[in-house]
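**Student:** File follows, structure_33.cif with mmCIF, C-alpha atoms:
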```
data_data
loop_
_atom_site.group_PDB
_atom_site.id
_atom_site.type_symbol
_atom_site.label_atom_id
_atom_site.label_comp_id
_atom_site.auth_asym_id
_atom_site.auth_seq_id
_atom_site.Cartn_x
_atom_site.Cartn_y
_atom_site.Cartn_z
ATOM 1 C CA MET A 19 -30.846 -5.121 -5.762
ATOM 2 C CA LYS A 20 -30.905 -2.743 -2.820
ATOM 3 C CA PRO A 21 -31.541 0.997 -3.160
ATOM 4 C CA LEU A 22 -28.938 3.713 -2.918
ATOM 5 C CA HIS A 23 -28.433 4.407 0.756
ATOM 6 C CA ASP A 24 -26.844 6.820 3.173
ATOM 7 C CA GLY A 25 -24.284 5.120 5.382
ATOM 8 C CA PRO A 26 -24.026 5.731 9.137
ATOM 9 C CA GLY A 27 -20.789 7.690 8.790
ATOM 10 C CA ASP A 28 -18.679 5.058 10.529
ATOM 11 C CA GLY A 29 -16.576 4.192 7.507
ATOM 12 C CA ALA A 30 -19.357 2.416 5.623
ATOM 13 C CA PRO A 31 -19.985 3.731 2.105
ATOM 14 C CA GLN A 32 -22.526 6.518 1.836
ATOM 15 C CA ILE A 33 -23.375 5.706 -1.780
ATOM 16 C CA VAL A 34 -22.876 2.548 -3.837
ATOM 17 C CA ARG A 35 -23.532 2.230 -7.562
ATOM 18 C CA VAL A 36 -23.130 -0.754 -9.848
ATOM 19 C CA ASN A 37 -22.946 0.056 -13.549
ATOM 20 C CA GLY A 38 -24.335 3.501 -12.851
ATOM 21 C CA HIS A 39 -27.341 2.348 -10.846
ATOM 22 C CA ALA A 40 -27.960 2.473 -7.101
ATOM 23 C CA ALA A 41 -27.130 -1.019 -5.823
ATOM 24 C CA THR A 42 -25.111 -2.866 -3.225
ATOM 25 C CA VAL A 43 -24.894 -6.314 -4.849
ATOM 26 C CA VAL A 44 -23.082 -7.752 -7.868
ATOM 27 C CA SER A 45 -23.481 -10.958 -9.822
ATOM 28 C CA ALA A 46 -22.315 -14.153 -8.157
ATOM 29 C CA LEU A 47 -20.521 -14.865 -11.457
ATOM 30 C CA GLU A 48 -18.451 -11.686 -11.219
ATOM 31 C CA ARG A 49 -14.858 -12.433 -12.284
ATOM 32 C CA GLY A 50 -13.609 -9.728 -9.966
ATOM 33 C CA LEU A 51 -15.007 -11.788 -7.094
ATOM 34 C CA HIS A 52 -13.751 -15.155 -8.367
ATOM 35 C CA TYR A 53 -10.287 -14.144 -9.559
ATOM 36 C CA GLY A 54 -9.571 -10.540 -8.621
ATOM 37 C CA ASP A 55 -9.892 -9.895 -12.355
ATOM 38 C CA GLY A 56 -10.090 -6.133 -12.275
ATOM 39 C CA LEU A 57 -8.629 -2.798 -11.212
ATOM 40 C CA PHE A 58 -9.473 -0.059 -8.757
ATOM 41 C CA GLU A 59 -8.785 3.591 -7.946
ATOM 42 C CA THR A 60 -9.103 5.458 -4.654
ATOM 43 C CA ILE A 61 -9.799 9.135 -5.308
ATOM 44 C CA ALA A 62 -9.685 11.993 -2.803
ATOM 45 C CA SER A 63 -12.473 14.560 -3.076
ATOM 46 C CA VAL A 64 -12.135 18.010 -1.508
ATOM 47 C CA GLY A 65 -14.780 20.715 -1.730
ATOM 48 C CA GLY A 66 -16.866 18.604 -4.076
ATOM 49 C CA GLN A 67 -14.002 18.166 -6.563
ATOM 50 C CA PRO A 68 -12.275 14.811 -7.227
ATOM 51 C CA ARG A 69 -8.546 15.391 -6.881
ATOM 52 C CA LEU A 70 -6.210 14.308 -9.704
ATOM 53 C CA LEU A 71 -9.115 12.660 -11.509
ATOM 54 C CA GLY A 72 -7.406 12.810 -14.898
ATOM 55 C CA ARG A 73 -4.390 10.928 -13.567
ATOM 56 C CA HIS A 74 -6.589 8.290 -11.952
ATOM 57 C CA MET A 75 -8.569 7.814 -15.163
ATOM 58 C CA ARG A 76 -5.420 7.563 -17.278
ATOM 59 C CA ARG A 77 -3.927 4.958 -14.961
ATOM 60 C CA LEU A 78 -7.201 3.036 -15.038
ATOM 61 C CA ALA A 79 -7.325 3.204 -18.845
ATOM 62 C CA SER A 80 -3.728 1.983 -19.066
ATOM 63 C CA GLY A 81 -4.494 -0.896 -16.713
ATOM 64 C CA CYS A 82 -7.561 -1.853 -18.737
ATOM 65 C CA ARG A 83 -5.433 -2.023 -21.882
ATOM 66 C CA ARG A 84 -2.819 -4.178 -20.175
ATOM 67 C CA LEU A 85 -5.406 -6.580 -18.775
ATOM 68 C CA ARG A 86 -7.481 -6.391 -21.969
ATOM 69 C CA LEU A 87 -10.558 -5.228 -20.098
ATOM 70 C CA GLY A 88 -13.083 -3.390 -22.191
ATOM 71 C CA PRO A 89 -14.712 -1.644 -23.794
ATOM 72 C CA LEU A 90 -15.105 0.842 -20.943
ATOM 73 C CA ASP A 91 -16.740 4.263 -21.208
ATOM 74 C CA LEU A 92 -14.173 6.310 -19.291
ATOM 75 C CA ALA A 93 -15.981 9.582 -19.986
ATOM 76 C CA ALA A 94 -19.144 8.231 -18.344
ATOM 77 C CA LEU A 95 -17.128 6.857 -15.451
ATOM 78 C CA GLY A 96 -15.362 10.178 -14.923
ATOM 79 C CA ALA A 97 -18.715 11.978 -14.967
ATOM 80 C CA GLU A 98 -20.046 9.557 -12.361
ATOM 81 C CA VAL A 99 -17.052 10.187 -10.104
ATOM 82 C CA ARG A 100 -17.558 13.944 -10.419
ATOM 83 C CA GLU A 101 -21.253 13.554 -9.591
ATOM 84 C CA LEU A 102 -20.535 11.542 -6.442
ATOM 85 C CA ALA A 103 -17.872 14.033 -5.383
ATOM 86 C CA ALA A 104 -20.062 17.069 -6.045
ATOM 87 C CA ALA A 105 -22.709 15.751 -3.633
ATOM 88 C CA ALA A 106 -20.142 15.864 -0.790
ATOM 89 C CA PRO A 107 -19.119 19.518 -0.349
ATOM 90 C CA GLY A 108 -16.493 18.728 2.287
ATOM 91 C CA ARG A 109 -14.084 15.804 2.175
ATOM 92 C CA ALA A 110 -14.935 12.414 0.714
ATOM 93 C CA ILE A 111 -13.328 9.344 -0.822
ATOM 94 C CA VAL A 112 -14.603 7.955 -4.101
ATOM 95 C CA LYS A 113 -13.569 4.399 -4.926
ATOM 96 C CA VAL A 114 -13.872 2.994 -8.431
ATOM 97 C CA LEU A 115 -13.640 -0.687 -9.331
ATOM 98 C CA VAL A 116 -13.651 -1.979 -12.894
ATOM 99 C CA THR A 117 -13.786 -5.722 -13.478
ATOM 100 C CA ARG A 118 -14.024 -7.983 -16.501
ATOM 101 C CA GLY A 119 -17.625 -8.604 -15.509
ATOM 102 C CA PRO A 120 -19.697 -11.747 -14.945
ATOM 103 C CA ALA A 121 -18.121 -14.946 -16.256
ATOM 104 C CA LEU A 122 -19.747 -16.506 -19.287
ATOM 105 C CA ALA A 123 -18.302 -19.943 -18.519
ATOM 106 C CA ARG A 124 -16.568 -21.699 -15.636
ATOM 107 C CA GLY A 125 -12.788 -21.436 -15.429
ATOM 108 C CA TYR A 126 -10.012 -18.928 -15.969
ATOM 109 C CA GLY A 127 -10.471 -18.650 -19.709
ATOM 110 C CA VAL A 128 -11.818 -15.411 -21.190
ATOM 111 C CA SER A 129 -14.279 -15.537 -24.082
ATOM 112 C CA GLY A 130 -13.803 -11.922 -25.103
ATOM 113 C CA ARG A 131 -17.567 -11.372 -24.914
ATOM 114 C CA GLU A 132 -17.636 -10.395 -21.236
ATOM 115 C CA THR A 133 -19.176 -7.035 -20.348
ATOM 116 C CA PRO A 134 -17.083 -5.056 -17.847
ATOM 117 C CA SER A 135 -18.622 -4.087 -14.532
ATOM 118 C CA ARG A 136 -18.005 -0.746 -12.877
ATOM 119 C CA ILE A 137 -18.644 -0.118 -9.214
ATOM 120 C CA THR A 138 -18.408 3.313 -7.611
ATOM 121 C CA LEU A 139 -18.597 4.049 -3.914
ATOM 122 C CA ARG A 140 -18.387 7.222 -1.858
ATOM 123 C CA TYR A 141 -17.017 7.064 1.684
ATOM 124 C CA PRO A 142 -16.787 9.722 4.366
ATOM 125 C CA TRP A 143 -13.310 11.191 4.826
ATOM 126 C CA PRO A 144 -13.058 12.802 8.261
ATOM 127 C CA GLU A 145 -10.509 15.502 8.967
ATOM 128 C CA GLU A 146 -7.234 13.939 10.075
ATOM 129 C CA ASP A 147 -4.779 14.912 12.774
ATOM 130 C CA SER A 148 -2.308 17.291 11.157
ATOM 131 C CA ALA A 149 0.456 15.836 13.354
ATOM 132 C CA ALA A 150 0.807 12.925 10.933
ATOM 133 C CA THR A 151 1.757 15.340 8.163
ATOM 134 C CA ARG A 152 3.781 17.684 10.358
ATOM 135 C CA GLU A 153 5.623 15.324 12.721
ATOM 136 C CA GLY A 154 5.438 12.046 10.828
ATOM 137 C CA VAL A 155 4.155 8.535 11.454
ATOM 138 C CA LEU A 156 5.355 5.287 12.997
ATOM 139 C CA VAL A 157 6.213 2.529 10.515
ATOM 140 C CA ARG A 158 7.272 -1.106 10.804
ATOM 141 C CA LEU A 159 8.668 -3.719 8.415
ATOM 142 C CA ALA A 160 6.308 -6.393 7.117
ATOM 143 C CA SER A 161 7.316 -10.046 7.069
ATOM 144 C CA MET A 162 5.019 -10.715 4.120
ATOM 145 C CA ARG A 163 6.821 -10.468 0.771
ATOM 146 C CA LEU A 164 5.455 -9.285 -2.557
ATOM 147 C CA GLY A 165 5.649 -11.756 -5.416
ATOM 148 C CA GLU A 166 7.477 -10.501 -8.503
ATOM 149 C CA ASN A 167 5.563 -10.533 -11.783
ATOM 150 C CA PRO A 168 6.502 -7.898 -14.380
ATOM 151 C CA ALA A 169 3.233 -8.498 -16.266
ATOM 152 C CA LEU A 170 1.297 -7.039 -13.314
ATOM 153 C CA ALA A 171 3.902 -4.584 -12.023
ATOM 154 C CA GLY A 172 2.590 -1.065 -11.499
ATOM 155 C CA LEU A 173 -1.080 -2.050 -11.793
ATOM 156 C CA LYS A 174 -3.591 -1.351 -9.044
ATOM 157 C CA HIS A 175 -5.300 -4.679 -9.623
ATOM 158 C CA CYS A 176 -7.944 -6.171 -7.361
ATOM 159 C CA ASN A 177 -5.822 -8.992 -5.940
ATOM 160 C CA ARG A 178 -4.533 -7.421 -2.699
ATOM 161 C CA LEU A 179 -4.066 -10.593 -0.611
ATOM 162 C CA GLU A 180 -0.388 -9.858 0.012
ATOM 163 C CA GLN A 181 -1.320 -6.470 1.446
ATOM 164 C CA VAL A 182 -4.169 -7.989 3.463
ATOM 165 C CA LEU A 183 -1.777 -10.486 5.063
ATOM 166 C CA ALA A 184 0.856 -7.817 5.688
ATOM 167 C CA ARG A 185 -1.724 -5.584 7.368
ATOM 168 C CA SER A 186 -2.783 -8.458 9.625
ATOM 169 C CA GLU A 187 0.719 -8.561 11.135
ATOM 170 C CA TRP A 188 0.008 -5.717 13.566
ATOM 171 C CA ASP A 189 -2.872 -4.281 15.545
ATOM 172 C CA ASP A 190 -1.185 -1.347 17.271
ATOM 173 C CA PRO A 191 -3.212 1.726 16.181
ATOM 174 C CA ALA A 192 -0.134 3.918 16.668
ATOM 175 C CA ILE A 193 1.568 2.222 13.699
ATOM 176 C CA ALA A 194 0.402 3.798 10.456
ATOM 177 C CA GLU A 195 2.054 1.578 7.855
ATOM 178 C CA ALA A 196 4.404 -1.318 7.124
ATOM 179 C CA LEU A 197 7.073 -1.385 4.445
ATOM 180 C CA MET A 198 7.066 -4.385 2.122
ATOM 181 C CA PHE A 199 9.918 -6.082 0.261
ATOM 182 C CA SER A 200 9.743 -8.267 -2.826
ATOM 183 C CA SER A 201 10.541 -11.961 -2.926
ATOM 184 C CA SER A 202 14.061 -11.069 -4.110
ATOM 185 C CA GLY A 203 14.614 -8.680 -1.200
ATOM 186 C CA ALA A 204 14.053 -5.277 -2.798
ATOM 187 C CA LEU A 205 12.132 -2.581 -0.956
ATOM 188 C CA ILE A 206 8.946 -1.904 -2.933
ATOM 189 C CA SER A 207 6.296 0.027 -1.010
ATOM 190 C CA GLY A 208 4.095 0.198 2.023
ATOM 191 C CA THR A 209 0.896 -1.826 2.219
ATOM 192 C CA MET A 210 -0.993 1.222 0.898
ATOM 193 C CA SER A 211 1.704 3.717 -0.006
ATOM 194 C CA ASN A 212 4.774 4.414 -2.102
ATOM 195 C CA VAL A 213 8.145 5.038 -0.458
ATOM 196 C CA PHE A 214 10.778 7.752 -0.898
ATOM 197 C CA LEU A 215 14.210 8.044 0.732
ATOM 198 C CA VAL A 216 16.647 10.936 0.793
ATOM 199 C CA GLN A 217 20.321 10.089 0.345
ATOM 200 C CA ASP A 218 23.094 12.574 -0.434
ATOM 201 C CA SER A 219 20.543 15.262 -1.369
ATOM 202 C CA ARG A 220 18.950 12.848 -3.867
ATOM 203 C CA LEU A 221 15.475 11.412 -3.816
ATOM 204 C CA LEU A 222 15.310 7.634 -4.200
ATOM 205 C CA THR A 223 12.164 5.619 -4.808
ATOM 206 C CA PRO A 224 11.871 1.892 -5.532
ATOM 207 C CA ARG A 225 11.669 0.837 -9.169
ATOM 208 C CA LEU A 226 8.309 -0.827 -9.844
ATOM 209 C CA ASP A 227 9.156 -2.981 -12.841
ATOM 210 C CA ARG A 228 8.665 -6.306 -11.027
ATOM 211 C CA CYS A 229 5.840 -5.575 -8.569
ATOM 212 C CA GLY A 230 4.166 -2.770 -6.659
ATOM 213 C CA VAL A 231 1.625 -0.082 -7.531
ATOM 214 C CA ALA A 232 2.654 3.026 -9.466
ATOM 215 C CA GLY A 233 0.761 5.595 -7.402
ATOM 216 C CA VAL A 234 -0.635 8.829 -8.817
ATOM 217 C CA MET A 235 0.833 10.768 -5.865
ATOM 218 C CA ARG A 236 4.212 9.133 -6.444
ATOM 219 C CA GLU A 237 4.040 10.346 -10.035
ATOM 220 C CA LEU A 238 3.163 13.865 -8.896
ATOM 221 C CA VAL A 239 5.986 13.973 -6.325
ATOM 222 C CA LEU A 240 8.507 12.943 -8.981
ATOM 223 C CA GLU A 241 7.231 15.743 -11.225
ATOM 224 C CA GLU A 242 7.475 18.318 -8.434
ATOM 225 C CA ALA A 243 10.972 17.132 -7.555
ATOM 226 C CA ALA A 244 12.054 17.632 -11.170
ATOM 227 C CA ALA A 245 10.478 21.097 -11.246
ATOM 228 C CA ALA A 246 12.344 22.023 -8.046
ATOM 229 C CA GLY A 247 15.681 20.803 -9.409
ATOM 230 C CA ILE A 248 15.817 17.889 -6.965
ATOM 231 C CA ALA A 249 17.568 14.844 -8.383
ATOM 232 C CA ALA A 250 15.244 11.840 -8.228
ATOM 233 C CA VAL A 251 16.158 8.257 -9.077
ATOM 234 C CA GLU A 252 13.938 5.199 -9.515
ATOM 235 C CA CYS A 253 16.133 2.230 -8.633
ATOM 236 C CA ARG A 254 16.373 -1.048 -6.785
ATOM 237 C CA VAL A 255 16.456 -0.211 -3.083
ATOM 238 C CA GLU A 256 17.973 -2.717 -0.676
ATOM 239 C CA ALA A 257 17.135 -2.984 3.022
ATOM 240 C CA ALA A 258 20.508 -1.467 3.936
ATOM 241 C CA ALA A 259 19.479 1.788 2.248
ATOM 242 C CA LEU A 260 16.876 2.370 4.956
ATOM 243 C CA ALA A 261 19.637 2.707 7.541
ATOM 244 C CA GLN A 262 21.583 5.091 5.301
ATOM 245 C CA GLY A 263 18.722 7.394 4.367
ATOM 246 C CA ARG A 264 18.549 10.763 6.106
ATOM 247 C CA GLU A 265 14.834 11.169 5.463
ATOM 248 C CA LEU A 266 12.020 8.787 4.644
ATOM 249 C CA PHE A 267 8.483 9.596 3.567
ATOM 250 C CA LEU A 268 5.386 7.859 2.209
ATOM 251 C CA THR A 269 2.838 8.934 -0.383
ATOM 252 C CA ASN A 270 -0.633 7.953 -1.475
ATOM 253 C CA ALA A 271 -3.645 9.616 -3.049
ATOM 254 C CA LEU A 272 -5.202 10.512 0.307
ATOM 255 C CA TRP A 273 -2.138 11.328 2.408
ATOM 256 C CA GLY A 274 -0.108 13.335 -0.033
ATOM 257 C CA ILE A 275 3.294 13.173 1.722
ATOM 258 C CA ARG A 276 3.674 11.735 5.215
ATOM 259 C CA PRO A 277 7.136 11.751 6.788
ATOM 260 C CA VAL A 278 8.273 8.725 8.762
ATOM 261 C CA ARG A 279 9.376 9.632 12.290
ATOM 262 C CA SER A 280 10.035 6.112 13.504
ATOM 263 C CA LEU A 281 10.938 2.909 11.663
ATOM 264 C CA GLU A 282 11.053 -0.213 13.798
ATOM 265 C CA GLY A 283 11.661 2.039 16.801
ATOM 266 C CA GLU A 284 14.537 3.956 15.185
ATOM 267 C CA ARG A 285 13.939 7.693 15.327
ATOM 268 C CA LEU A 286 13.854 9.692 12.086
ATOM 269 C CA HIS A 287 13.224 13.383 11.488
ATOM 270 C CA PRO A 288 11.420 15.083 8.617
ATOM 271 C CA GLY A 289 14.154 16.986 6.806
ATOM 272 C CA GLU A 290 14.550 19.986 4.555
ATOM 273 C CA LEU A 291 13.942 18.134 1.300
ATOM 274 C CA THR A 292 10.779 16.473 2.617
ATOM 275 C CA ARG A 293 9.465 19.848 3.796
ATOM 276 C CA ARG A 294 10.211 21.454 0.430
ATOM 277 C CA LEU A 295 8.265 18.796 -1.380
ATOM 278 C CA GLN A 296 5.388 18.976 1.101
ATOM 279 C CA LEU A 297 5.057 22.708 0.468
ATOM 280 C CA ARG A 298 5.224 22.306 -3.303
ATOM 281 C CA LEU A 299 2.715 19.455 -3.260
ATOM 282 C CA ALA A 300 0.303 21.357 -1.003
ATOM 283 C CA ALA A 301 0.425 24.330 -3.369
ATOM 284 C CA ARG A 302 -0.088 22.085 -6.386
ATOM 285 C CA LEU A 303 -3.099 20.346 -4.840
ATOM 286 C CA ALA A 304 -4.645 23.624 -3.663
ATOM 287 C CA ALA A 305 -4.365 25.258 -7.097
ATOM 288 C CA PRO A 306 -7.023 24.882 -9.810
ATOM 289 C CA ALA A 307 -6.633 21.561 -11.601
ATOM 290 C CA ARG A 308 -4.169 21.606 -14.466
ATOM 291 C CA GLU A 309 -5.148 20.046 -17.768
ATOM 292 C CA GLU A 310 -3.154 16.881 -17.023
ATOM 293 C CA ASP A 311 -4.908 16.515 -13.644
ATOM 294 C CA ALA A 312 -8.437 17.307 -14.809
ATOM 295 C CA GLY A 313 -11.040 14.636 -15.350
ATOM 296 C CA GLU A 314 -11.204 14.609 -19.137
ATOM 297 C CA SER A 315 -9.818 11.377 -20.588
#
```
Mind turning this structure into structure tokens?
**Tutor:**
Amino acid sequence: MKPLHDGPGDGAPQIVRVNGHAATVVSALERGLHYGDGLFETIASVGGQPRLLGRHMRRLASGCRRLRLGPLDLAALGAEVRELAAAAPGRAIVKVLVTRGPALARGYGVSGRETPSRITLRYPWPEEDSAATREGVLVRLASMRLGENPALAGLKHCNRLEQVLARSEWDDPAIAEALMFSSSGALISGTMSNVFLVQDSRLLTPRLDRCGVAGVMRELVLEEAAAAGIAAVECRVEAAALAQGRELFLTNALWGIRPVRSLEGERLHPGELTRRLQLRLAARLAAPAREEDAGES
């Protein structure tokens, strides 16, 4: 086991802990390594405070129940996230992985006696160009399709091979994201983001009952839309809807809202509804954490 270390600041983790202890290695029998048998969260930290920690912990707890991972001490995990965040007074990213733990026997079968593993990492999070938030980003369409499996839909599980393959489809640094469709042809998400369209003054976002990750920022945007009196619909979104939408934006836990200014070379413009939601979201994230966002679980 290697000691806790300070990374070089080039995107490598600054701190790595395994089960609460400074380490950079896990067991070779780890089921997360063999099968992707686990879940993860990517948490933004600003001013030493983990953002939306309560939502991340609740999603993680829900995923653990669905995958029957446990028992997991979520209070201890939340405290560890807060500790890692507090040691970075500026901006940082805290990643949490929870797996079923080392296998007790060969094969897919679960004995029920496995002890979950938790891995926490803190990464540097440099200041980003505000143009991405103000003017929008360039986006393409991925050829890779997402398999449909309702049993895993919504979960941020550790098997991300579809996203890995989709991300390998381009190397142009000007392109920020690629939109992904399911095997049945429904728009689902980006490789690392959720998707929203504006049509007829309504907000549309893909339904995630067959595949895709139910993002914490997606959840927050839907709440802010409701509070602002903006009609929002979760539904099946076909490819044709992209051509009909007046506005298109992406969300994730780090970005907040990023408008799309170009999709496959077609010019788009951040519109009034996108700007309204950006302002509301910025105010919400800048305010003291509400009870539902705080880190008590």
**Student:** Go ahead and compute the interatomic distance for CA of Val234 (chain A) and CA of Trp273 (chain A), in Å to one decimal.
**Tutor:**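 Pair CA of Val234 (chain A) / CA of Trp273 (chain A) returns 11.6 Å.
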**Student:** Applying the PyMOL selection byres ((chain A and resi 160) around 10) to the file I just gave you, which residues come out? Please list them as a list of chain:residue names.
**Tutor:** A:Val157, A:Arg158, A:Leu159, A:Ser161, A:Met162, A:Arg163, A:Gln181, A:Leu183, A:Ala184, A:Arg185, A:Ser186, A:Glu187, A:Trp188, A:Glu195, A:Ala196, A:Leu197, A:Met198, A:Phe199, A:Gly208, A:Thr209
**Student:** Out of A:Asp189, A:Glu265, A:Glu146, A:Glu290, which residue has the shortest atom-to-atom distance to Phe214 (chain A) when counting all atoms listed in the file?
**Tutor:** A:Glu265
**Student:** Using 3 Å of padding on each side, determine the axis-aligned box around all atoms of region 222-240 of chain A present in the file and give its centre and edge lengths in Å to one decimal, as AutoDock Vina command-line options.
**Tutor:**
```
--center_x 7.3 --center_y 3.8 --center_z -8.5 --size_x 21.9 --size_y 26.3 --size_z 14.6
```
**Student:** Calculate how many Å separate CA of Glu284 (chain A) from CA of Cys253 (chain A), rounding to one decimal.
**Tutor:** 23.9 Å
**Student:** Skip region 116-119 of chain A itself and residues of its chain fewer than 3 positions away, then list as a list in words all residues within 7 Å of it, counting only C-alpha atoms.
**Tutor:**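 Residues near the query, excluding close chain neighbours: Glu48, Arg49, Gly50, Asp55, Gly56, Leu57, Phe58, Leu87, Glu132, Thr133, Pro134, Ser135, Arg136 and Ile137 of chain A.
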**Student:** Just give me the gap between CA of Arg83 (chain A) and CA of Gly230 (chain A) in Å, one decimal is fine.
**Tutor:**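 For CA of Arg83 (chain A) relative to CA of Gly230 (chain A), the distance reads 18.0 Å.
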**Student:** Which residue out of A:Ala250, A:Leu221, A:Ala232, A:Ile33 has the minimum interatomic distance to Val99 (chain A) when only C-alpha atoms are used?
**Tutor:** A:Ile33
**Student:** In terms of the shortest atom-to-atom distance over only C-alpha atoms, which of A:Ala243, A:Val112, A:Val182, A:Ala149 is closest to Arg276 (chain A)?
**Tutor:** A:Ala149
**Student:** Quick one: everything within 12 Å of Ala245 (chain A), counting all atoms listed in the file, minus sequence neighbours fewer than 5 positions away in the same chain. Send it as a list of chain:residue names.
**Tutor:**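 Everything that qualifies: A:Leu238, A:Val239, A:Leu240, A:Ala250, A:Arg294, A:Leu295, A:Arg298, A:Leu299, A:Arg302.
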**Student:** Where does the PyMOL selection byres ((chain A and resi 38) around 9) land in this file, that is, which residues does it pick, as a PDB file with C-alpha atoms, in the frame of the given file?
**Tutor:**
```pdb
ATOM      1  CA  ARG A  35     -23.532   2.230  -7.562  1.00  0.00           C
ATOM      2  CA  VAL A  36     -23.130  -0.754  -9.848  1.00  0.00           C
ATOM      3  CA  ASN A  37     -22.946   0.056 -13.549  1.00  0.00           C
ATOM      4  CA  HIS A  39     -27.341   2.348 -10.846  1.00  0.00           C
ATOM      5  CA  ALA A  40     -27.960   2.473  -7.101  1.00  0.00           C
ATOM      6  CA  ALA A  41     -27.130  -1.019  -5.823  1.00  0.00           C
ATOM      7  CA  ALA A  94     -19.144   8.231 -18.344  1.00  0.00           C
ATOM      8  CA  LEU A  95     -17.128   6.857 -15.451  1.00  0.00           C
ATOM      9  CA  GLU A  98     -20.046   9.557 -12.361  1.00  0.00           C
ATOM     10  CA  ARG A 136     -18.005  -0.746 -12.877  1.00  0.00           C
ATOM     11  CA  ILE A 137     -18.644  -0.118  -9.214  1.00  0.00           C
ATOM     12  CA  THR A 138     -18.408   3.313  -7.611  1.00  0.00           C
TER      13      THR A 138
END
```
